[in-house]
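S.K.: Take this structure, written in structure tokens, and hold onto it; I'll ask about it next.
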Amino acid sequence: MSTPHNEAQKKDIAKIVLMPGDPLRAKLIAETYLEDAVCYNTVRNMLGYTGNYKGKRISVQSSGMGVPSMGIYSMELYRDYDVDTIIRVGSAGAISDSLSMGDVVIGMGLCTDSAYVSQYNLPGTYTPVADFNLVKLATEIMEERGVSYQTGVVLTSDLFYTDEKDAVARWKKMNVLCVEMESLALYCNAARLGKRALTMLTISDIPLKGEAMEADERRTSFTVMLESALRLAEK
Ligand code: ADE
């Protein structure tokens with residue numbers, strides 16, 4: 001058994017998956033934190049690994065960038081590989097003035113400019129939300145570790161470069177915390193299939209001020225979020 005995008009057999013992937021966007025980040029996570037890590041996918045270089053973290057079997061699968069890519073990989077993990085839980089670990093641009101570089105955001109709910117939800121042909125708007133227990137556990141871990149974090153609404157956008165200069169700023173009046181490009185597909189696929197999802201994001205830039213983190217800082221601050229996500233996966 002395999003899919004058009006994943007050459008793994010069902011048994012190769014754990015029930016819980018950490019999902020960074022970048023394939024090389026998946027490799028780094030597996031090599032740094034997992035014991036006996038085995039690479040199960042190299043199709044399109046969308047690397048995936050399974051190994052043990054403190055005795056718990058965990059997979060790390062890259063999602064690629066954007067809603068379509070996350071839509072494909074998370075759908076296949078949930079539907080074809082019987083994965084129960086996916087935790088996205090990514091970066092985001094701050095929208096709210098209350099966020100600083102390196103802060104962690106837990107995506108409790110999402111808003112979007114993507115048309116992904118239109119596939120469900122619903123008679124109204126739909127609100128994608130994270131799994132409540134994962135939010136609860138994640139916030140407990142953040143408190144324990146003294147991490148500077150916020151929980152709230154995240155914008156999943158299809159547009160990194162956009163014609164309309166202040167498109168992102170317009171979400172500010174609704175107290176949207178930050179912008180990224182993948183979580184919507186993850187939360188919708190989880191809801192549609194009765195699975196669990198959570199997004200954890202590190203603020204890596206402040207687009208409204210034209211500020212971005214240096215590579216070194218990016219690596220260090222990502223580690224705080226990642227180690228919290230691994231602890232969550234371990235529970
Ligand atoms: N991911 C990290 N920063 C981002 C931004 N400014 N916009 C969209 N996705 C991002």
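In the structure tokens, chains take the letters A, B, ... in the order shown, each chain's residues start at 1, and ligands count up from 1 in the order shown.
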Dump as a Markdown table the rows for residues of chain A within 10 Å of ligand 1: closest atom pair and distance in Å with one decimal, only C-alpha atoms and all ligand atoms counted, ordered by chain and rising residue number.

M.R.:
| residue | atom | partner | partner_atom_place_in_ligand_line | distance |
| --- | --- | --- | --- | --- |
| A:Gly21 | CA | ligand 1 | 1 (N) | 9.7 |
| A:Met65 | CA | ligand 1 | 9 (N) | 9.0 |
| A:Gly66 | CA | ligand 1 | 9 (N) | 8.7 |
| A:Gly90 | CA | ligand 1 | 1 (N) | 7.4 |
| A:Ser91 | CA | ligand 1 | 2 (C) | 4.6 |
| A:Ala92 | CA | ligand 1 | 2 (C) | 3.5 |
| A:Gly93 | CA | ligand 1 | 3 (N) | 3.9 |
| A:Ala94 | CA | ligand 1 | 6 (N) | 7.2 |
| A:Ile95 | CA | ligand 1 | 6 (N) | 8.8 |
| A:Leu155 | CA | ligand 1 | 8 (C) | 8.7 |
| A:Thr156 | CA | ligand 1 | 8 (C) | 7.7 |
| A:Ser157 | CA | ligand 1 | 8 (C) | 6.6 |
| A:Asp158 | CA | ligand 1 | 8 (C) | 8.2 |
| A:Leu159 | CA | ligand 1 | 8 (C) | 7.3 |
| A:Phe160 | CA | ligand 1 | 8 (C) | 5.3 |
| A:Tyr161 | CA | ligand 1 | 7 (N) | 8.5 |
| A:Val168 | CA | ligand 1 | 7 (N) | 8.7 |
| A:Cys178 | CA | ligand 1 | 5 (C) | 8.1 |
| A:Val179 | CA | ligand 1 | 8 (C) | 5.1 |
| A:Glu180 | CA | ligand 1 | 9 (N) | 3.6 |
| A:Met181 | CA | ligand 1 | 9 (N) | 5.1 |
| A:Glu182 | CA | ligand 1 | 9 (N) | 8.4 |
| A:Leu201 | CA | ligand 1 | 2 (C) | 8.7 |
| A:Thr202 | CA | ligand 1 | 2 (C) | 8.3 |
| A:Ile203 | CA | ligand 1 | 2 (C) | 7.1 |
| A:Ser204 | CA | ligand 1 | 2 (C) | 5.9 |
| A:Asp205 | CA | ligand 1 | 3 (N) | 5.6 |
| A:Ile206 | CA | ligand 1 | 6 (N) | 6.7 |
| A:Pro207 | CA | ligand 1 | 6 (N) | 5.3 |
| A:Leu208 | CA | ligand 1 | 6 (N) | 8.7 |
| A:Gly210 | CA | ligand 1 | 6 (N) | 9.2 |
| A:Glu211 | CA | ligand 1 | 6 (N) | 9.5 |
| A:Ala212 | CA | ligand 1 | 3 (N) | 8.4 |
| A:Met213 | CA | ligand 1 | 3 (N) | 9.9 |

S.K.: How would you write, as a PDB file with N, CA and C atoms, in the first residue's frame, the set of residues in stretch 12-234 of chain A that DSSP gives as strand (DSSP E)?

M.R.:
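Saved file out-v3.pdb follows:
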ATOM      1  N   ILE A  16       0.685   9.263  15.823  1.00  0.00           N
ATOM      2  CA  ILE A  16       0.826  10.709  16.050  1.00  0.00           C
ATOM      3  C   ILE A  16       1.983  11.251  15.201  1.00  0.00           C
ATOM      4  N   VAL A  17       1.707  12.366  14.535  1.00  0.00           N
ATOM      5  CA  VAL A  17       2.672  12.912  13.571  1.00  0.00           C
ATOM      6  C   VAL A  17       2.922  14.391  13.856  1.00  0.00           C
ATOM      7  N   LEU A  18       4.196  14.760  13.917  1.00  0.00           N
ATOM      8  CA  LEU A  18       4.574  16.177  13.959  1.00  0.00           C
ATOM      9  C   LEU A  18       4.787  16.633  12.526  1.00  0.00           C
ATOM     10  N   MET A  19       4.279  17.811  12.188  1.00  0.00           N
ATOM     11  CA  MET A  19       4.304  18.221  10.787  1.00  0.00           C
ATOM     12  C   MET A  19       4.886  19.619  10.568  1.00  0.00           C
ATOM     13  N   GLU A  35      14.965   8.403  18.377  1.00  0.00           N
ATOM     14  CA  GLU A  35      15.858   7.247  18.384  1.00  0.00           C
ATOM     15  C   GLU A  35      15.412   6.288  17.300  1.00  0.00           C
ATOM     16  N   ASP A  36      16.386   5.638  16.671  1.00  0.00           N
ATOM     17  CA  ASP A  36      16.126   4.649  15.611  1.00  0.00           C
ATOM     18  C   ASP A  36      15.226   5.210  14.510  1.00  0.00           C
ATOM     19  N   ALA A  37      15.438   6.465  14.148  1.00  0.00           N
ATOM     20  CA  ALA A  37      14.597   7.084  13.118  1.00  0.00           C
ATOM     21  C   ALA A  37      14.830   6.438  11.750  1.00  0.00           C
ATOM     22  N   VAL A  38      13.721   6.142  11.074  1.00  0.00           N
ATOM     23  CA  VAL A  38      13.792   5.572   9.719  1.00  0.00           C
ATOM     24  C   VAL A  38      13.033   6.501   8.783  1.00  0.00           C
ATOM     25  N   CYS A  39      13.648   6.810   7.640  1.00  0.00           N
ATOM     26  CA  CYS A  39      12.984   7.646   6.633  1.00  0.00           C
ATOM     27  C   CYS A  39      12.041   6.762   5.815  1.00  0.00           C
ATOM     28  N   TYR A  40      10.736   7.076   5.812  1.00  0.00           N
ATOM     29  CA  TYR A  40       9.774   6.242   5.077  1.00  0.00           C
ATOM     30  C   TYR A  40       9.320   6.867   3.769  1.00  0.00           C
ATOM     31  N   ASN A  41       9.631   8.152   3.557  1.00  0.00           N
ATOM     32  CA  ASN A  41       9.202   8.784   2.296  1.00  0.00           C
ATOM     33  C   ASN A  41      10.245   9.736   1.733  1.00  0.00           C
ATOM     34  N   GLY A  48       9.650  12.051   5.285  1.00  0.00           N
ATOM     35  CA  GLY A  48       8.914  11.595   6.460  1.00  0.00           C
ATOM     36  C   GLY A  48       9.724  10.556   7.212  1.00  0.00           C
ATOM     37  N   TYR A  49       9.669  10.628   8.542  1.00  0.00           N
ATOM     38  CA  TYR A  49      10.467   9.736   9.393  1.00  0.00           C
ATOM     39  C   TYR A  49       9.611   9.188  10.531  1.00  0.00           C
ATOM     40  N   THR A  50       9.954   7.992  10.986  1.00  0.00           N
ATOM     41  CA  THR A  50       9.345   7.458  12.209  1.00  0.00           C
ATOM     42  C   THR A  50      10.461   6.990  13.144  1.00  0.00           C
ATOM     43  N   GLY A  51      10.283   7.278  14.429  1.00  0.00           N
ATOM     44  CA  GLY A  51      11.262   6.843  15.419  1.00  0.00           C
ATOM     45  C   GLY A  51      10.638   6.907  16.802  1.00  0.00           C
ATOM     46  N   ASN A  52      11.477   6.841  17.812  1.00  0.00           N
ATOM     47  CA  ASN A  52      10.982   6.850  19.193  1.00  0.00           C
ATOM     48  C   ASN A  52      11.450   8.099  19.923  1.00  0.00           C
ATOM     49  N   TYR A  53      10.497   8.713  20.639  1.00  0.00           N
ATOM     50  CA  TYR A  53      10.835   9.847  21.490  1.00  0.00           C
ATOM     51  C   TYR A  53      10.447   9.472  22.911  1.00  0.00           C
ATOM     52  N   LYS A  56       8.074   6.678  23.063  1.00  0.00           N
ATOM     53  CA  LYS A  56       6.811   6.776  22.312  1.00  0.00           C
ATOM     54  C   LYS A  56       7.113   6.840  20.808  1.00  0.00           C
ATOM     55  N   ARG A  57       6.356   6.047  20.032  1.00  0.00           N
ATOM     56  CA  ARG A  57       6.554   6.022  18.574  1.00  0.00           C
ATOM     57  C   ARG A  57       5.903   7.260  17.949  1.00  0.00           C
ATOM     58  N   ILE A  58       6.727   8.034  17.251  1.00  0.00           N
ATOM     59  CA  ILE A  58       6.274   9.302  16.673  1.00  0.00           C
ATOM     60  C   ILE A  58       6.774   9.404  15.227  1.00  0.00           C
ATOM     61  N   SER A  59       5.946   9.975  14.356  1.00  0.00           N
ATOM     62  CA  SER A  59       6.417  10.269  12.999  1.00  0.00           C
ATOM     63  C   SER A  59       6.568  11.769  12.824  1.00  0.00           C
ATOM     64  N   VAL A  60       7.440  12.140  11.904  1.00  0.00           N
ATOM     65  CA  VAL A  60       7.625  13.544  11.530  1.00  0.00           C
ATOM     66  C   VAL A  60       7.501  13.603  10.012  1.00  0.00           C
ATOM     67  N   GLN A  61       6.460  14.259   9.536  1.00  0.00           N
ATOM     68  CA  GLN A  61       6.213  14.322   8.089  1.00  0.00           C
ATOM     69  C   GLN A  61       6.146  15.781   7.643  1.00  0.00           C
ATOM     70  N   THR A  85      -3.580  11.781  15.168  1.00  0.00           N
ATOM     71  CA  THR A  85      -3.262  13.139  15.621  1.00  0.00           C
ATOM     72  C   THR A  85      -2.135  13.735  14.796  1.00  0.00           C
ATOM     73  N   ILE A  86      -2.358  14.971  14.319  1.00  0.00           N
ATOM     74  CA  ILE A  86      -1.277  15.692  13.637  1.00  0.00           C
ATOM     75  C   ILE A  86      -1.059  17.028  14.353  1.00  0.00           C
ATOM     76  N   ILE A  87       0.199  17.281  14.705  1.00  0.00           N
ATOM     77  CA  ILE A  87       0.564  18.565  15.307  1.00  0.00           C
ATOM     78  C   ILE A  87       1.450  19.312  14.314  1.00  0.00           C
ATOM     79  N   ARG A  88       0.894  20.393  13.740  1.00  0.00           N
ATOM     80  CA  ARG A  88       1.717  21.223  12.844  1.00  0.00           C
ATOM     81  C   ARG A  88       2.664  22.074  13.682  1.00  0.00           C
ATOM     82  N   VAL A  89       3.940  22.073  13.303  1.00  0.00           N
ATOM     83  CA  VAL A  89       4.926  22.939  13.956  1.00  0.00           C
ATOM     84  C   VAL A  89       5.504  23.846  12.878  1.00  0.00           C
ATOM     85  N   GLY A  90       5.123  25.111  12.922  1.00  0.00           N
ATOM     86  CA  GLY A  90       5.519  25.998  11.839  1.00  0.00           C
ATOM     87  C   GLY A  90       5.888  27.382  12.314  1.00  0.00           C
ATOM     88  N   SER A  91       6.030  28.276  11.330  1.00  0.00           N
ATOM     89  CA  SER A  91       6.330  29.670  11.649  1.00  0.00           C
ATOM     90  C   SER A  91       5.186  30.538  11.143  1.00  0.00           C
ATOM     91  N   ALA A  92       5.136  31.773  11.644  1.00  0.00           N
ATOM     92  CA  ALA A  92       4.053  32.680  11.258  1.00  0.00           C
ATOM     93  C   ALA A  92       4.522  34.114  11.351  1.00  0.00           C
ATOM     94  N   GLY A  93       3.810  34.965  10.641  1.00  0.00           N
ATOM     95  CA  GLY A  93       4.050  36.405  10.729  1.00  0.00           C
ATOM     96  C   GLY A  93       3.050  37.012  11.703  1.00  0.00           C
ATOM     97  N   ALA A  94       3.535  37.843  12.621  1.00  0.00           N
ATOM     98  CA  ALA A  94       2.631  38.460  13.611  1.00  0.00           C
ATOM     99  C   ALA A  94       1.708  39.460  12.932  1.00  0.00           C
ATOM    100  N   VAL A 104       5.255  32.056  20.866  1.00  0.00           N
ATOM    101  CA  VAL A 104       4.558  30.886  20.317  1.00  0.00           C
ATOM    102  C   VAL A 104       3.056  31.171  20.274  1.00  0.00           C
ATOM    103  N   VAL A 105       2.420  30.779  19.180  1.00  0.00           N
ATOM    104  CA  VAL A 105       0.960  30.909  19.058  1.00  0.00           C
ATOM    105  C   VAL A 105       0.357  29.519  18.891  1.00  0.00           C
ATOM    106  N   ILE A 106      -0.671  29.267  19.686  1.00  0.00           N
ATOM    107  CA  ILE A 106      -1.437  28.026  19.548  1.00  0.00           C
ATOM    108  C   ILE A 106      -2.716  28.392  18.795  1.00  0.00           C
ATOM    109  N   GLY A 107      -2.908  27.790  17.658  1.00  0.00           N
ATOM    110  CA  GLY A 107      -4.047  28.140  16.791  1.00  0.00           C
ATOM    111  C   GLY A 107      -5.328  27.479  17.279  1.00  0.00           C
ATOM    112  N   MET A 108      -6.086  28.239  18.079  1.00  0.00           N
ATOM    113  CA  MET A 108      -7.332  27.692  18.626  1.00  0.00           C
ATOM    114  C   MET A 108      -8.393  27.631  17.529  1.00  0.00           C
ATOM    115  N   GLY A 109      -8.460  28.709  16.724  1.00  0.00           N
ATOM    116  CA  GLY A 109      -9.403  28.753  15.608  1.00  0.00           C
ATOM    117  C   GLY A 109      -8.745  29.440  14.432  1.00  0.00           C
ATOM    118  N   LEU A 110      -9.360  29.271  13.255  1.00  0.00           N
ATOM    119  CA  LEU A 110      -8.751  29.814  12.033  1.00  0.00           C
ATOM    120  C   LEU A 110      -9.722  30.666  11.247  1.00  0.00           C
ATOM    121  N   CYS A 111      -9.166  31.676  10.554  1.00  0.00           N
ATOM    122  CA  CYS A 111      -9.910  32.371   9.506  1.00  0.00           C
ATOM    123  C   CYS A 111      -9.038  32.278   8.252  1.00  0.00           C
ATOM    124  N   THR A 112      -9.605  32.615   7.102  1.00  0.00           N
ATOM    125  CA  THR A 112      -8.858  32.348   5.865  1.00  0.00           C
ATOM    126  C   THR A 112      -9.342  33.161   4.676  1.00  0.00           C
ATOM    127  N   TYR A 149       3.599  32.617  25.206  1.00  0.00           N
ATOM    128  CA  TYR A 149       2.687  32.093  24.181  1.00  0.00           C
ATOM    129  C   TYR A 149       1.334  32.795  24.247  1.00  0.00           C
ATOM    130  N   GLN A 150       0.579  32.675  23.163  1.00  0.00           N
ATOM    131  CA  GLN A 150      -0.814  33.125  23.141  1.00  0.00           C
ATOM    132  C   GLN A 150      -1.647  32.079  22.418  1.00  0.00           C
ATOM    133  N   THR A 151      -2.918  32.035  22.780  1.00  0.00           N
ATOM    134  CA  THR A 151      -3.854  31.105  22.148  1.00  0.00           C
ATOM    135  C   THR A 151      -4.950  31.939  21.504  1.00  0.00           C
ATOM    136  N   GLY A 152      -5.276  31.689  20.249  1.00  0.00           N
ATOM    137  CA  GLY A 152      -6.326  32.486  19.616  1.00  0.00           C
ATOM    138  C   GLY A 152      -6.511  32.159  18.153  1.00  0.00           C
ATOM    139  N   VAL A 153      -6.978  33.157  17.407  1.00  0.00           N
ATOM    140  CA  VAL A 153      -7.319  32.938  15.990  1.00  0.00           C
ATOM    141  C   VAL A 153      -6.116  33.243  15.089  1.00  0.00           C
ATOM    142  N   VAL A 154      -5.880  32.332  14.165  1.00  0.00           N
ATOM    143  CA  VAL A 154      -4.774  32.428  13.210  1.00  0.00           C
ATOM    144  C   VAL A 154      -5.357  32.559  11.800  1.00  0.00           C
ATOM    145  N   LEU A 155      -4.730  33.381  10.970  1.00  0.00           N
ATOM    146  CA  LEU A 155      -5.130  33.496   9.563  1.00  0.00           C
ATOM    147  C   LEU A 155      -4.323  32.521   8.711  1.00  0.00           C
ATOM    148  N   THR A 156      -5.028  31.640   7.986  1.00  0.00           N
ATOM    149  CA  THR A 156      -4.353  30.843   6.956  1.00  0.00           C
ATOM    150  C   THR A 156      -4.598  31.543   5.624  1.00  0.00           C
ATOM    151  N   CYS A 178      -1.946  36.062  14.027  1.00  0.00           N
ATOM    152  CA  CYS A 178      -0.814  35.939  13.105  1.00  0.00           C
ATOM    153  C   CYS A 178      -1.240  35.249  11.810  1.00  0.00           C
ATOM    154  N   VAL A 179      -0.336  35.250  10.828  1.00  0.00           N
ATOM    155  CA  VAL A 179      -0.643  34.663   9.519  1.00  0.00           C
ATOM    156  C   VAL A 179       0.348  33.556   9.164  1.00  0.00           C
ATOM    157  N   GLU A 180      -0.213  32.449   8.642  1.00  0.00           N
ATOM    158  CA  GLU A 180       0.597  31.347   8.102  1.00  0.00           C
ATOM    159  C   GLU A 180      -0.159  30.807   6.887  1.00  0.00           C
ATOM    160  N   ARG A 196      -7.753  14.356  15.156  1.00  0.00           N
ATOM    161  CA  ARG A 196      -7.299  15.447  16.040  1.00  0.00           C
ATOM    162  C   ARG A 196      -6.184  16.254  15.370  1.00  0.00           C
ATOM    163  N   ALA A 197      -6.264  17.577  15.542  1.00  0.00           N
ATOM    164  CA  ALA A 197      -5.226  18.443  14.966  1.00  0.00           C
ATOM    165  C   ALA A 197      -4.941  19.623  15.872  1.00  0.00           C
ATOM    166  N   LEU A 198      -3.695  20.073  15.817  1.00  0.00           N
ATOM    167  CA  LEU A 198      -3.293  21.293  16.522  1.00  0.00           C
ATOM    168  C   LEU A 198      -2.160  21.954  15.739  1.00  0.00           C
ATOM    169  N   THR A 199      -2.193  23.286  15.723  1.00  0.00           N
ATOM    170  CA  THR A 199      -1.087  24.032  15.122  1.00  0.00           C
ATOM    171  C   THR A 199      -0.354  24.835  16.188  1.00  0.00           C
ATOM    172  N   MET A 200       0.973  24.688  16.213  1.00  0.00           N
ATOM    173  CA  MET A 200       1.831  25.516  17.067  1.00  0.00           C
ATOM    174  C   MET A 200       2.762  26.294  16.152  1.00  0.00           C
ATOM    175  N   LEU A 201       2.828  27.615  16.374  1.00  0.00           N
ATOM    176  CA  LEU A 201       3.600  28.469  15.472  1.00  0.00           C
ATOM    177  C   LEU A 201       4.577  29.335  16.244  1.00  0.00           C
ATOM    178  N   THR A 202       5.757  29.535  15.675  1.00  0.00           N
ATOM    179  CA  THR A 202       6.699  30.500  16.239  1.00  0.00           C
ATOM    180  C   THR A 202       6.672  31.754  15.369  1.00  0.00           C
ATOM    181  N   ILE A 203       6.560  32.907  16.011  1.00  0.00           N
ATOM    182  CA  ILE A 203       6.559  34.169  15.257  1.00  0.00           C
ATOM    183  C   ILE A 203       7.972  34.417  14.719  1.00  0.00           C
ATOM    184  N   SER A 204       8.075  34.392  13.372  1.00  0.00           N
ATOM    185  CA  SER A 204       9.395  34.536  12.730  1.00  0.00           C
ATOM    186  C   SER A 204       9.534  35.864  11.999  1.00  0.00           C
ATOM    187  N   ASP A 205       8.410  36.591  11.851  1.00  0.00           N
ATOM    188  CA  ASP A 205       8.481  37.896  11.190  1.00  0.00           C
ATOM    189  C   ASP A 205       7.276  38.756  11.574  1.00  0.00           C
ATOM    190  N   ILE A 206       7.439  40.037  11.350  1.00  0.00           N
ATOM    191  CA  ILE A 206       6.344  40.984  11.606  1.00  0.00           C
ATOM    192  C   ILE A 206       6.116  41.731  10.293  1.00  0.00           C
ATOM    193  N   GLU A 211       9.791  43.409   9.457  1.00  0.00           N
ATOM    194  CA  GLU A 211      10.876  42.810  10.253  1.00  0.00           C
ATOM    195  C   GLU A 211      10.851  41.283  10.127  1.00  0.00           C
ATOM    196  N   ALA A 212      12.027  40.684  10.118  1.00  0.00           N
ATOM    197  CA  ALA A 212      12.125  39.216  10.079  1.00  0.00           C
ATOM    198  C   ALA A 212      13.293  38.758  10.935  1.00  0.00           C
TER     199      ALA A 212
END

S.K.: Between atom CA of A:Lys27 and atom CA of A:Leu47, what is the spacing in Å?

M.R.: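 Distance between the two atoms: 6.9 Å.
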
S.K.: For A:Tyr33, which residue among A:Thr162, A:Ser2, A:Ser63, A:Thr223 is the nearest when counting only C-alpha atoms?

M.R.: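 Using only C-alpha atoms, A:Tyr33 sits closest to A:Thr223.
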
S.K.: Name the closest residue to A:Tyr187 among the candidates A:Leu122, A:Leu24, A:Leu230, A:Ala130; distances are taken between atoms, counting only C-alpha atoms.

M.R.: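 For A:Tyr187, the nearest of the candidates is A:Ala130.
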
S.K.: Leaving out A:Thr3 and any residue of its chain fewer than 3 positions from it, which residues lie within 8 Å of it when counting only C-alpha atoms, given as an MDAnalysis selection string?

M.R.: chainID A and resid 6:7 76 80

S.K.: Which one is closest to A:Thr42: A:Leu28, A:Ala8, A:Met75, A:Ile13? Count only C-alpha atoms.

M.R.: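 Of A:Leu28, A:Ala8, A:Met75, A:Ile13, the one nearest A:Thr42 is A:Ala8, counting only C-alpha atoms.
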
S.K.: Mind giving me the straight-line distance from atom CA of A:Lys195 to atom CA of A:Arg231 in Å, one decimal?

M.R.: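 If I compute the distance from atom CA of A:Lys195 to atom CA of A:Arg231, I get 19.6 Å.
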
S.K.: Of the residues A:Met70, A:Val224, A:Ala215, A:Val117, which is the one nearest to A:Gly102, using only C-alpha atoms?

M.R.: A:Val224

S.K.: As an MDAnalysis selection string, list the residues of stretch 11-183 of chain A assigned to helix (DSSP H, G or I) by DSSP on the backbone atoms of this structure.

M.R.: chainID A and resid 11:12 23:33 43:45 67:80 116:120 132:145 168:174 183
